[in-house]
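Source file: final-v2.cif (mmCIF, C-alpha atoms and all ligand atoms)
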data_model
loop_
_atom_site.label_atom_id
_atom_site.label_comp_id
_atom_site.auth_asym_id
_atom_site.auth_seq_id
_atom_site.Cartn_x
_atom_site.Cartn_y
_atom_site.Cartn_z
CA MET A 3 0.00 0.00 0.00
CA LYS A 4 1.20 3.49 -0.87
CA LEU A 5 0.58 6.50 1.37
CA PRO A 6 -1.96 8.91 -0.15
CA GLU A 7 -1.08 12.44 -1.21
CA LEU A 8 -2.20 15.28 1.03
CA LYS A 9 -4.28 17.90 -0.77
CA ILE A 10 -4.85 21.27 0.88
CA GLY A 11 -6.79 23.40 -1.60
CA ASP A 12 -4.54 23.81 -4.63
CA LEU A 13 -1.47 22.49 -2.77
CA THR A 14 -0.52 18.84 -3.03
CA ALA A 15 2.08 17.25 -0.78
CA ARG A 16 3.34 13.97 -2.26
CA VAL A 17 3.66 12.56 1.26
CA PRO A 18 0.98 13.22 3.92
CA ILE A 19 3.49 14.21 6.59
CA ILE A 20 3.78 17.68 8.06
CA GLN A 21 6.88 18.30 10.15
CA GLY A 22 5.69 20.05 13.30
CA GLY A 23 7.08 23.48 14.13
CA MET A 24 9.65 23.32 16.93
CA GLY A 25 10.83 26.40 18.75
CA ILE A 26 13.25 27.79 19.63
CA GLY A 27 15.65 27.02 16.82
CA ILE A 28 14.81 23.32 16.33
CA SER A 29 12.86 23.63 13.08
CA LEU A 30 14.33 26.38 10.97
CA HIS A 31 15.28 26.42 7.27
CA LYS A 32 17.43 23.27 7.18
CA LEU A 33 14.89 20.89 8.68
CA ALA A 34 11.83 22.45 7.06
CA GLY A 35 13.56 22.74 3.68
CA ASN A 36 14.67 19.11 3.70
CA VAL A 37 11.25 17.82 4.76
CA ALA A 38 9.63 19.83 1.96
CA ALA A 39 12.23 18.52 -0.50
CA GLN A 40 11.17 14.97 0.39
CA GLY A 41 7.56 15.74 -0.47
CA GLY A 42 6.27 16.51 3.04
CA ILE A 43 5.35 19.94 4.42
CA GLY A 44 8.19 21.75 6.20
CA ILE A 45 7.29 24.06 9.07
CA LEU A 46 9.59 26.71 10.53
CA SER A 47 8.91 27.82 14.08
CA THR A 48 8.60 31.59 14.43
CA ALA A 49 9.46 31.46 18.17
CA GLN A 50 12.51 33.73 18.48
CA ILE A 51 13.29 32.84 14.85
CA GLY A 52 16.04 35.46 14.65
CA PHE A 53 17.99 34.30 17.70
CA GLN A 54 21.13 33.59 15.69
CA GLU A 55 21.21 37.09 14.15
CA GLU A 56 23.70 39.64 15.41
CA ASN A 57 21.12 42.18 16.64
CA PHE A 58 18.85 39.70 18.36
CA ARG A 59 19.56 40.60 22.00
CA ARG A 60 19.41 44.33 21.28
CA ALA A 61 16.24 44.31 19.18
CA PRO A 62 14.57 40.90 19.43
CA VAL A 63 11.16 41.78 17.98
CA LYS A 64 12.47 43.58 14.90
CA THR A 65 15.15 40.97 14.30
CA ASN A 66 12.64 38.13 14.53
CA LEU A 67 10.26 39.78 12.08
CA LYS A 68 13.09 40.22 9.59
CA ALA A 69 14.33 36.67 10.03
CA ILE A 70 10.95 35.27 8.91
CA GLN A 71 11.79 36.15 5.30
CA THR A 72 15.46 35.18 5.54
CA GLN A 73 14.68 31.76 6.95
CA LEU A 74 11.90 31.05 4.47
CA ASP A 75 14.11 32.04 1.53
CA LYS A 76 16.84 29.68 2.74
CA ALA A 77 14.31 26.85 3.10
CA ARG A 78 13.01 27.54 -0.42
CA ALA A 79 16.54 27.32 -1.76
CA ILE A 80 16.62 23.74 -0.41
CA ALA A 81 13.12 22.83 -1.64
CA LYS A 82 12.34 24.89 -4.72
CA GLU A 83 9.00 23.25 -5.43
CA GLY A 84 8.29 22.22 -1.83
CA ILE A 85 5.50 23.28 0.52
CA LEU A 86 6.73 25.45 3.36
CA GLY A 87 5.15 27.39 6.14
CA PHE A 88 5.30 28.60 9.71
CA ASN A 89 4.08 27.68 13.15
CA VAL A 90 2.94 30.81 14.98
CA MET A 91 1.84 30.62 18.60
CA VAL A 92 -1.18 32.75 19.49
CA ALA A 93 0.43 33.50 22.86
CA CYS A 94 3.44 35.16 21.22
CA PHE A 95 4.20 38.87 21.44
CA ARG A 96 2.78 40.83 18.47
CA TYR A 97 1.06 37.75 17.07
CA ASP A 98 -0.70 39.82 14.38
CA ASP A 99 2.55 41.25 13.03
CA VAL A 100 4.24 37.86 13.05
CA VAL A 101 1.41 36.31 11.02
CA LYS A 102 1.39 39.22 8.57
CA HIS A 103 5.15 38.90 8.03
CA CYS A 104 4.78 35.17 7.35
CA VAL A 105 2.12 35.91 4.73
CA GLU A 106 4.21 38.64 3.12
CA ALA A 107 7.25 36.37 3.10
CA GLY A 108 5.24 33.95 0.94
CA ALA A 109 4.32 31.17 3.38
CA ASP A 110 2.29 28.39 1.78
CA VAL A 111 0.74 27.51 5.13
CA ILE A 112 0.41 28.87 8.66
CA ILE A 113 -0.37 26.55 11.55
CA SER A 114 -1.36 28.32 14.74
CA GLY A 115 -2.02 27.12 18.28
CA ALA A 116 -1.06 27.75 21.92
CA GLY A 117 -4.28 29.68 22.22
CA LEU A 118 -7.29 30.00 19.93
CA PRO A 119 -6.36 31.78 16.66
CA MET A 120 -9.62 33.69 16.47
CA ASN A 121 -8.46 36.46 14.11
CA LEU A 122 -6.18 34.39 11.87
CA PRO A 123 -8.47 34.66 8.79
CA GLU A 124 -8.48 38.44 9.06
CA LEU A 125 -4.67 38.57 9.27
CA VAL A 126 -4.22 36.39 6.20
CA GLY A 127 -6.98 38.09 4.18
CA ASN A 128 -7.11 37.00 0.55
CA ALA A 129 -3.53 35.78 0.41
CA LYS A 130 -2.85 32.31 -0.98
CA THR A 131 -1.48 31.19 2.42
CA LYS A 132 -3.49 28.24 3.77
CA ILE A 133 -4.41 28.36 7.46
CA ALA A 134 -4.87 25.70 10.13
CA PRO A 135 -5.74 26.03 13.79
CA ILE A 136 -4.20 23.56 16.23
CA VAL A 137 -6.89 21.96 18.38
CA SER A 138 -6.90 19.31 21.07
CA SER A 139 -10.64 18.82 21.52
CA VAL A 140 -13.90 18.90 19.65
CA LYS A 141 -14.88 21.81 21.91
CA ALA A 142 -12.02 24.01 20.67
CA THR A 143 -12.73 22.96 17.07
CA LYS A 144 -16.35 24.03 17.42
CA ILE A 145 -15.45 27.41 18.91
CA ILE A 146 -12.93 28.25 16.20
CA LEU A 147 -14.90 27.06 13.18
CA ARG A 148 -18.14 28.66 14.39
CA ASN A 149 -16.36 31.94 15.01
CA TRP A 150 -14.53 31.94 11.65
CA ALA A 151 -17.72 31.13 9.75
CA LYS A 152 -19.74 33.81 11.53
CA LYS A 153 -17.18 36.57 11.52
CA TYR A 154 -15.30 35.94 8.27
CA ASN A 155 -17.59 33.63 6.29
CA ARG A 156 -14.71 31.25 5.79
CA THR A 157 -13.36 28.09 7.30
CA ALA A 158 -10.05 26.38 7.92
CA ASP A 159 -8.00 25.08 4.99
CA PHE A 160 -6.93 22.18 7.20
CA ILE A 161 -6.96 21.27 10.89
CA VAL A 162 -4.13 20.00 13.07
CA ILE A 163 -5.24 17.96 16.08
CA GLU A 164 -2.54 17.85 18.74
CA GLY A 165 -2.91 14.91 21.10
CA PRO A 166 -1.46 14.48 24.58
CA GLU A 167 1.70 12.60 23.56
CA GLY A 168 3.44 15.39 21.66
CA GLY A 169 6.27 17.64 22.77
CA GLY A 170 6.29 21.30 23.70
CA HIS A 171 3.26 22.90 25.31
CA LEU A 172 0.22 20.67 25.55
CA GLY A 173 -3.43 21.65 25.27
CA PHE A 174 -4.41 19.52 28.28
CA LYS A 175 -4.15 20.03 32.03
CA ALA A 176 -1.50 17.80 33.61
CA ASN A 177 -4.12 15.75 35.47
CA GLN A 178 -6.10 15.13 32.25
CA ILE A 179 -3.26 13.62 30.24
CA GLU A 180 -3.79 9.94 31.10
CA GLU A 181 -7.49 10.15 30.36
CA ALA A 182 -6.85 12.11 27.17
CA ILE A 183 -4.46 9.44 25.89
CA LEU A 184 -7.16 6.80 26.33
CA GLY A 185 -9.88 8.92 24.75
CA MET A 186 -7.93 10.50 21.89
CA ASP A 187 -9.12 8.21 19.08
CA ASP A 188 -12.74 8.96 19.97
CA GLU A 189 -12.00 12.67 20.12
CA ILE A 190 -10.38 12.51 16.66
CA ILE A 191 -13.45 10.76 15.22
CA GLN A 192 -15.72 13.41 16.74
CA ILE A 193 -13.57 16.25 15.43
CA ILE A 194 -13.59 14.78 11.92
CA ALA A 195 -17.40 14.43 12.07
CA HIS A 196 -17.71 18.05 13.16
CA VAL A 197 -15.34 19.26 10.44
CA LYS A 198 -17.52 17.45 7.84
CA GLU A 199 -20.35 19.90 8.60
CA TYR A 200 -18.06 22.75 7.54
CA GLU A 201 -16.87 20.85 4.46
CA GLU A 202 -20.51 20.64 3.38
CA LYS A 203 -21.32 24.21 4.35
CA PHE A 204 -18.39 25.65 2.40
CA ASN A 205 -18.27 22.91 -0.24
CA ILE A 206 -14.56 22.30 0.24
CA SER A 207 -12.40 19.55 1.59
CA ILE A 208 -10.78 20.23 5.00
CA PRO A 209 -8.04 17.69 5.68
CA VAL A 210 -7.57 16.76 9.34
CA ILE A 211 -4.03 16.01 10.46
CA PHE A 212 -3.09 14.26 13.69
CA ALA A 213 -0.01 15.13 15.76
CA GLY A 214 1.47 13.68 18.95
CA GLY A 215 3.35 10.43 19.36
CA VAL A 216 3.41 9.49 15.68
CA TRP A 217 6.59 7.55 15.00
CA ASN A 218 6.31 4.84 12.36
CA ARG A 219 4.31 3.64 9.41
CA SER A 220 1.84 1.71 11.50
CA ASP A 221 1.09 4.86 13.55
CA ILE A 222 0.41 6.69 10.29
CA ALA A 223 -1.81 3.86 9.05
CA HIS A 224 -3.75 4.00 12.32
CA TYR A 225 -4.56 7.71 12.04
CA LEU A 226 -5.43 7.38 8.34
CA SER A 227 -7.80 4.56 9.29
CA LEU A 228 -9.59 6.90 11.73
CA GLY A 229 -10.24 9.30 8.84
CA CYS A 230 -7.26 11.65 9.11
CA SER A 231 -5.65 12.82 5.87
CA GLY A 232 -2.15 12.92 7.27
CA VAL A 233 0.02 13.28 10.34
CA GLN A 234 2.25 15.91 11.87
CA MET A 235 5.52 14.62 13.31
CA ALA A 236 8.08 16.60 15.27
CA THR A 237 10.18 14.65 17.79
CA ARG A 238 11.29 12.03 15.28
CA PHE A 239 12.90 14.72 13.11
CA ILE A 240 15.12 15.89 15.98
CA GLY A 241 17.28 12.83 15.31
CA THR A 242 18.41 14.02 11.89
CA VAL A 243 21.52 15.77 10.62
CA GLU A 244 19.26 18.37 9.05
CA CYS A 245 17.50 19.30 12.32
CA ASP A 246 18.61 22.88 13.05
CA ALA A 247 19.44 22.21 16.72
CA PRO A 248 23.09 21.75 17.72
CA ASP A 249 24.60 18.30 18.32
CA ASP A 250 24.63 18.60 22.13
CA PHE A 251 20.84 19.09 22.06
CA LYS A 252 20.41 15.99 19.86
CA ASP A 253 22.81 14.02 22.13
CA ARG A 254 20.43 14.51 25.05
CA PHE A 255 17.78 12.61 23.09
CA ILE A 256 20.20 9.81 22.21
CA GLN A 257 21.12 9.47 25.90
CA ALA A 258 17.55 9.66 27.23
CA ASN A 259 15.57 6.59 28.15
CA GLU A 260 11.83 6.21 28.56
CA ASN A 261 11.91 7.19 32.25
CA ASP A 262 13.69 10.46 31.51
CA ILE A 263 10.73 12.19 29.83
CA HIS A 264 8.14 13.91 32.01
CA LEU A 265 5.64 16.70 32.14
CA THR A 266 6.96 19.98 33.47
CA THR A 267 5.31 23.30 34.17
CA SER A 268 5.69 26.16 31.76
CA PRO A 269 5.42 29.75 32.98
CA VAL A 270 2.47 30.22 30.62
CA GLY A 271 0.54 27.89 32.89
CA LEU A 272 0.39 25.00 30.39
CA PRO A 273 2.09 21.68 30.97
CA GLY A 274 4.95 20.88 28.63
CA ARG A 275 6.77 17.61 28.04
CA ALA A 276 10.54 17.63 28.31
CA ILE A 277 13.62 15.53 29.01
CA ASP A 278 14.64 15.59 32.68
CA ASN A 279 17.75 17.61 33.51
CA LYS A 280 19.07 20.02 36.10
CA PHE A 281 16.63 22.67 34.91
CA THR A 282 13.47 20.55 35.28
CA GLU A 283 14.75 19.44 38.70
CA ILE A 284 15.04 23.06 39.85
CA ILE A 285 11.53 23.80 38.61
CA LYS A 286 10.08 20.67 40.20
CA ASN A 287 11.72 21.30 43.56
CA GLY A 288 11.08 25.01 43.62
CA LEU A 289 7.55 25.21 42.34
CA ALA A 290 5.77 24.38 45.59
CA ASP A 291 7.73 27.11 47.38
CA TYR A 292 7.06 29.48 44.50
CA LYS A 293 3.32 28.81 44.66
CA ALA A 294 3.35 29.20 48.46
CA GLN A 295 4.88 32.68 48.22
CA ASP A 296 2.58 35.55 48.99
CA ALA A 297 1.97 37.93 46.12
CA PRO A 298 3.99 39.56 44.69
CA LYS A 299 5.98 36.42 43.92
CA THR A 300 9.59 36.47 42.79
CA PRO A 301 10.95 34.34 39.93
CA LEU A 302 12.50 30.96 40.72
CA ILE A 303 15.23 31.70 38.22
CA PRO A 304 16.09 35.42 38.06
CA ILE A 305 15.42 36.99 34.68
CA ALA A 306 18.28 39.04 33.25
CA SER A 307 16.50 40.73 30.38
CA CYS A 308 13.15 40.40 28.65
CA LEU A 309 13.16 39.12 25.08
CA ASN A 310 9.50 39.99 24.50
CA CYS A 311 8.36 36.51 23.60
CA LEU A 312 4.90 36.41 25.15
CA GLN A 313 1.96 38.77 25.06
CA THR A 314 2.40 41.14 27.97
CA LYS A 315 -0.82 39.98 29.63
CA LEU A 316 0.61 36.44 29.82
CA CYS A 317 3.94 37.31 31.39
CA ASP A 318 4.97 39.59 34.19
CA ARG A 319 8.73 39.34 34.23
CA LYS A 320 8.93 40.44 37.85
CA THR A 321 6.83 37.53 39.07
CA ILE A 322 6.91 34.75 36.44
CA PRO A 323 8.63 31.57 37.76
CA TYR A 324 11.19 31.53 34.92
CA CYS A 325 11.70 32.96 31.44
CA ILE A 326 10.52 30.46 28.83
CA SER A 327 12.69 32.05 26.12
CA GLU A 328 15.88 31.88 28.18
CA ALA A 329 15.14 28.25 29.06
CA LEU A 330 14.58 27.30 25.42
CA LEU A 331 17.55 29.34 24.22
CA ASN A 332 19.82 27.62 26.77
CA SER A 333 18.90 24.30 25.20
CA VAL A 334 20.18 25.38 21.77
CA GLU A 335 23.05 27.55 22.98
CA HIS A 336 25.16 24.80 24.55
CA ASN A 337 23.74 25.05 28.06
CA THR A 338 21.60 21.91 27.91
CA ASP A 339 21.78 21.38 31.70
CA MET A 340 19.83 24.58 32.21
CA GLY A 341 17.74 24.32 29.05
CA LEU A 342 14.15 23.24 28.60
CA LEU A 343 14.49 20.21 26.31
CA PHE A 344 10.99 19.76 24.87
CA SER A 345 10.26 16.24 23.67
CA GLY A 346 7.31 14.08 22.74
CA THR A 347 6.77 10.78 24.59
CA ASN A 348 8.88 9.12 21.87
CA GLY A 349 12.02 11.21 22.43
CA TYR A 350 13.88 8.22 23.95
CA ARG A 351 13.40 6.30 20.67
CA ILE A 352 16.04 8.46 18.99
CA ASN A 353 19.09 6.21 19.19
CA GLU A 354 21.17 7.62 16.36
CA ILE A 355 21.32 10.57 14.05
CA THR A 356 19.91 9.75 10.64
CA THR A 357 18.72 11.84 7.70
CA VAL A 358 15.35 13.27 6.74
CA LYS A 359 15.55 11.24 3.52
CA ALA A 360 16.12 7.98 5.44
CA ILE A 361 13.04 8.69 7.60
CA PHE A 362 10.92 9.47 4.54
CA ASP A 363 12.21 6.36 2.72
CA GLU A 364 11.21 4.23 5.71
CA LEU A 365 7.81 5.84 6.19
CA THR A 366 6.83 5.84 2.53
CA ALA A 367 8.06 2.35 1.54
CA SER A 368 5.27 0.40 -0.21
CA PHE A 369 4.16 -2.80 1.45
C1 LIG A 401 11.32 20.49 20.73
C2 LIG A 401 9.88 20.79 20.42
C3 LIG A 401 9.49 22.10 20.24
C4 LIG A 401 8.16 22.40 19.91
N1 LIG A 401 7.81 23.70 19.69
C5 LIG A 401 6.55 24.01 19.30
C6 LIG A 401 6.19 25.35 19.00
O1 LIG A 401 7.02 26.26 19.05
N2 LIG A 401 4.90 25.61 18.67
C7 LIG A 401 3.96 24.60 18.59
O2 LIG A 401 2.79 24.88 18.26
N3 LIG A 401 4.28 23.32 18.83
C8 LIG A 401 5.55 23.00 19.17
N4 LIG A 401 5.89 21.69 19.38
C9 LIG A 401 4.89 20.62 19.11
C10 LIG A 401 5.11 19.99 17.72
O3 LIG A 401 4.92 20.93 16.70
C11 LIG A 401 4.25 18.77 17.42
O4 LIG A 401 2.92 19.09 17.15
C12 LIG A 401 4.26 17.68 18.45
O5 LIG A 401 5.47 17.61 19.13
C13 LIG A 401 4.00 16.37 17.71
O6 LIG A 401 4.27 15.24 18.48
P1 LIG A 401 5.62 14.41 18.31
O7 LIG A 401 6.72 15.30 18.72
O8 LIG A 401 5.38 13.24 19.21
O9 LIG A 401 5.73 13.98 16.86
C14 LIG A 401 7.21 21.35 19.75
C15 LIG A 401 7.62 20.03 19.95
C16 LIG A 401 8.93 19.74 20.26
C17 LIG A 401 9.35 18.30 20.43
#
Would you mind writing the structure in this file as structure tokens?
Amino acid sequence: MKLPELKIGDLTARVPIIQGGMGIGISLHKLAGNVAAQGGIGILSTAQIGFQEENFRRAPVKTNLKAIQTQLDKARAIAKEGILGFNVMVACFRYDDVVKHCVEAGADVIISGAGLPMNLPELVGNAKTKIAPIVSSVKATKIILRNWAKKYNRTADFIVIEGPEGGGHLGFKANQIEEAILGMDDEIIQIIAHVKEYEEKFNISIPVIFAGGVWNRSDIAHYLSLGCSGVQMATRFIGTVECDAPDDFKDRFIQANENDIHLTTSPVGLPGRAIDNKFTEIIKNGLADYKAQDAPKTPLIPIASCLNCLQTKLCDRKTIPYCISEALLNSVEHNTDMGLLFSGTNGYRINEITTVKAIFDELTASF
């Protein structure tokens, strides 16, 4: 059996695999470009996308906005005919500007989560860029699609469902994860049924993509059998030469075993999944004391300077437990002990560094 193509409007990906956006600095032009060159969809993370540029620390916001174009152009040079786009988190600082820059840069797709992307259609306007919200429940799907239809008379070009086994921030409370894992297949079926109503209403096809814990061909076959049109995979691509993260970041995955991956608490209030290290230990041990502090609280890890990553209403740098940007930057700037090493549940299955092509060859082999 051959994997089907993934059609999103007038775009056709030869392989129904989207590489999930990974910030900070894990999925930039090299990874996204190489995934797109193999026939999948390559996604660059916009989270502090300009962190390697000279002016980043002095002018992070401006530098990031500029780097959107630079990074996309470099990815296009790798995959001339490929499908490329961005992951933009709703919680990020100046979300509207970031989305608009992605559209102007020529993104084929924008995938947006970490919040409900209520005004995404307005920001993209009539541009050719295809848009997808990230959802974790039928409830969130209903809210977004109802709102987009009512306010903009349009719907999603595709939907990404993020389950509880992925890496990075999760759309579930920590105490709901076990239950969510058991109920995810049912939730997917319900989401697909709900999306069908909008396919009929707008007379278009809205592919539904599943993300979170997808590793091999039988995982892909499973989600296709539930009615998904493709999958989004992130963690598996960390174990490639093309992944934009440095080798010491990738080594942490090679060294990790199954018992080294746990939920941790992000300052944004959402749980995140990461590889255990000195940093997660400090957070785990200090959080009870932090929570017990009377207001105003003081950070667990002092914050040197603000890099304007989150919307101001989501982060008060004087009281937030730690700076999410500094933690993620540490992990890609050779301070992996003090870095937040986001990983899906499968992170320990990376045992060697391979290539994007080898992964695609394995996943697309006919059988
Ligand atoms: C290191 C890492 C960083 C991530 N960063 C982001 C991000 O910036 N924005 C986002 O929406 N999702 C992020 N994710 C989630 C992925 O895009 C993806 O949906 C999820 O990890 C898929 O599950 P998998 O890793 O098991 O394949 C991240 C995941 C990882 C592992």
Can you pull out every residue with an atom within 6 Å of ligand LIG 401 (chain A)? Use all atoms listed in the file and format it as a list in words.
Gly22, Gly23, Met24, Gly25, Ser47, Ala49, Asn89, Met91, Gly115, Glu164, Glu167, Gly168, Gly169, Gly170, Ala213, Gly214, Gly215, Val216, Met235, Ala236, Thr237, Phe344, Ser345 and Gly346 of chain A
Kindly give the distance, in Å, that separates atom CA of A:Val358 and atom CA of A:Phe239, rounded to a single decimal.
7.0 Å
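Using all atoms listed in the file, the nearest neighbour of A:Phe255 within the list A:Ala93, A:Ile43, A:Ile352, A:Cys325 is A:Ile352.
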Residues within 6 Å of (18.4, 30.1, 7.1), counting all atoms listed in the file, listed as number ranges by chain:
A: 31, 73, 76
For A:Gly349, which residue out of A:Gly241, A:Pro135, A:Gly11, A:Gly27 is the nearest one, using only C-alpha atoms?
A:Gly241
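Distances here use all atoms listed in the file; by that measure, the residue among A:Ala360, A:Leu74, A:Val17, A:Leu331 closest to A:Pro248 is A:Leu331.
Among the candidates A:Leu86, A:Leu118, A:Ile20, A:Ile322, the residue lying nearest to A:Lys299 is A:Ile322 (atoms considered: all atoms listed in the file).
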In Å and to one decimal, atom CA of A:Leu265 is distant from atom CA of A:Tyr225 by 24.3 Å
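Atom CA of A:Ser138 sits 28.1 Å away from atom CA of A:Ala290.
If you measure from each of A:Pro304, A:Gly341, A:Gly229, A:Gly185 to A:Lys280 using all atoms listed in the file, the closest one turns out to be A:Gly341.
If you measure from each of A:Arg254, A:Lys203, A:Lys320, A:His196 to A:Asn353 using all atoms listed in the file, the closest one turns out to be A:Arg254.
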As number ranges by chain, please: the residues near stretch 63-69 of chain A (cut-off 8 Å, all atoms listed in the file, same-chain neighbours under 3 positions excluded).
A: 48, 50-53, 55, 57-58, 72-73, 99-100, 103, 309-310
If we count only C-alpha atoms and set the cut-off at 12 Å, which residues sit around A:Lys286, ignoring sequence neighbours fewer than 6 positions away in its own chain? Please answer as number ranges by chain.
A: 264-268, 278-280, 292-293, 302, 323
Which neighbours of A:Asp110 fall inside 8 Å, counting all atoms listed in the file, when residues of the same chain fewer than 2 positions from it are skipped, and could you give them as a PyMOL selection string?
chain A and resi 85-87+108+112+130-132
Write out, as a tab-separated table, each residue of stretch 79-181 of chain A that has an atom at most 12 Å from stretch 272-275 of chain A, together with the closest pair of atoms and their distance in Å to one decimal, counting all atoms listed in the file, rows going by chain and rising number.
residue	atom	partner	partner_atom	distance
A:Ala93	CA	A:Leu272	CA	11.4
A:Ala116	CA	A:Leu272	CA	9.0
A:Gly117	CA	A:Leu272	CA	10.5
A:Pro166	CA	A:Arg275	CA	9.5
A:Glu167	CA	A:Arg275	CA	8.4
A:Gly168	CA	A:Arg275	CA	7.5
A:Gly169	CA	A:Arg275	CA	5.3
A:Gly170	CA	A:Gly274	CA	5.1
A:His171	CA	A:Gly274	CA	4.2
A:Leu172	CA	A:Gly274	CA	5.6
A:Gly173	CA	A:Leu272	CA	7.2
A:Phe174	CA	A:Pro273	CA	7.4
A:Lys175	CA	A:Pro273	CA	6.5
A:Ala176	CA	A:Pro273	CA	5.9
A:Asn177	CA	A:Pro273	CA	9.7
A:Gln178	CA	A:Pro273	CA	10.6
A:Ile179	CA	A:Pro273	CA	9.7
Only C-alpha atoms, please: the residues just picked out, written as an mmCIF file, in the coordinates of the input.
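What landed in result.cif:
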data_model
loop_
_atom_site.group_PDB
_atom_site.id
_atom_site.type_symbol
_atom_site.label_atom_id
_atom_site.label_comp_id
_atom_site.auth_asym_id
_atom_site.auth_seq_id
_atom_site.Cartn_x
_atom_site.Cartn_y
_atom_site.Cartn_z
ATOM 1 C CA ALA A 93 0.430 33.500 22.860
ATOM 2 C CA ALA A 116 -1.060 27.750 21.920
ATOM 3 C CA GLY A 117 -4.280 29.680 22.220
ATOM 4 C CA PRO A 166 -1.460 14.480 24.580
ATOM 5 C CA GLU A 167 1.700 12.600 23.560
ATOM 6 C CA GLY A 168 3.440 15.390 21.660
ATOM 7 C CA GLY A 169 6.270 17.640 22.770
ATOM 8 C CA GLY A 170 6.290 21.300 23.700
ATOM 9 C CA HIS A 171 3.260 22.900 25.310
ATOM 10 C CA LEU A 172 0.220 20.670 25.550
ATOM 11 C CA GLY A 173 -3.430 21.650 25.270
ATOM 12 C CA PHE A 174 -4.410 19.520 28.280
ATOM 13 C CA LYS A 175 -4.150 20.030 32.030
ATOM 14 C CA ALA A 176 -1.500 17.800 33.610
ATOM 15 C CA ASN A 177 -4.120 15.750 35.470
ATOM 16 C CA GLN A 178 -6.100 15.130 32.250
ATOM 17 C CA ILE A 179 -3.260 13.620 30.240
#
Can you pull out every residue within 8 Å of A:Asn121, counting only C-alpha atoms, but drop anything in the same chain fewer than 3 positions away, and send it as a ChimeraX atom specification?
/A:124-125,150
Selection to disk with C-alpha atoms, as a PDB file, in the coordinates of the input:
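Written out: out-v2.pdb:
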ATOM      1  CA  GLU A 124      -8.480  38.440   9.060  1.00  0.00           C
ATOM      2  CA  LEU A 125      -4.670  38.570   9.270  1.00  0.00           C
ATOM      3  CA  TRP A 150     -14.530  31.940  11.650  1.00  0.00           C
TER       4      TRP A 150
END
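Taking only C-alpha atoms into account, those protein, DNA and RNA residues with any atom at most 12 Å away from (-17.1, 33.8, 15.4) amount to Leu118, Pro119, Met120, Asn121, Leu122, Pro123, Glu124, Thr143, Lys144, Ile145, Ile146, Leu147, Arg148, Asn149, Trp150, Ala151, Lys152, Lys153, Tyr154, Asn155, Arg156 and Thr157 of chain A.
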Using the incomplete input, complete stretch 235-247 of chain A to the level of N, CA and C atoms; output as a JSON list (two decimals), in the coordinates of the input.
[["chain", "number", "residue", "atom", "x", "y", "z"],
["A", 235, "MET", "N", 4.50, 15.26, 12.48],
["A", 235, "MET", "CA", 5.52, 14.62, 13.31],
["A", 235, "MET", "C", 6.61, 15.63, 13.63],
["A", 236, "ALA", "N", 7.05, 15.63, 14.88],
["A", 236, "ALA", "CA", 8.08, 16.60, 15.27],
["A", 236, "ALA", "C", 9.28, 15.89, 15.89],
["A", 237, "THR", "N", 9.06, 15.23, 17.04],
["A", 237, "THR", "CA", 10.18, 14.65, 17.79],
["A", 237, "THR", "C", 11.07, 13.76, 16.91],
["A", 238, "ARG", "N", 10.46, 12.96, 16.06],
["A", 238, "ARG", "CA", 11.29, 12.03, 15.28],
["A", 238, "ARG", "C", 12.33, 12.77, 14.43],
["A", 239, "PHE", "N", 11.98, 13.97, 13.97],
["A", 239, "PHE", "CA", 12.90, 14.72, 13.11],
["A", 239, "PHE", "C", 14.05, 15.38, 13.87],
["A", 240, "ILE", "N", 13.98, 15.34, 15.21],
["A", 240, "ILE", "CA", 15.12, 15.89, 15.98],
["A", 240, "ILE", "C", 16.36, 15.01, 15.75],
["A", 241, "GLY", "N", 16.13, 13.73, 15.52],
["A", 241, "GLY", "CA", 17.28, 12.83, 15.31],
["A", 241, "GLY", "C", 17.78, 12.80, 13.89],
["A", 242, "THR", "N", 17.89, 13.97, 13.27],
["A", 242, "THR", "CA", 18.41, 14.02, 11.89],
["A", 242, "THR", "C", 19.56, 15.02, 11.80],
["A", 243, "VAL", "N", 20.43, 14.80, 10.83],
["A", 243, "VAL", "CA", 21.52, 15.77, 10.62],
["A", 243, "VAL", "C", 20.96, 17.13, 10.23],
["A", 244, "GLU", "N", 19.80, 17.10, 9.56],
["A", 244, "GLU", "CA", 19.26, 18.37, 9.05],
["A", 244, "GLU", "C", 18.54, 19.18, 10.12],
["A", 245, "CYS", "N", 18.17, 18.56, 11.25],
["A", 245, "CYS", "CA", 17.50, 19.30, 12.32],
["A", 245, "CYS", "C", 18.41, 20.48, 12.72],
["A", 246, "ASP", "N", 17.81, 21.66, 12.85],
["A", 246, "ASP", "CA", 18.61, 22.88, 13.05],
["A", 246, "ASP", "C", 19.25, 22.99, 14.43],
["A", 247, "ALA", "N", 18.86, 22.13, 15.36],
["A", 247, "ALA", "CA", 19.44, 22.21, 16.72],
["A", 247, "ALA", "C", 20.89, 21.72, 16.71]]
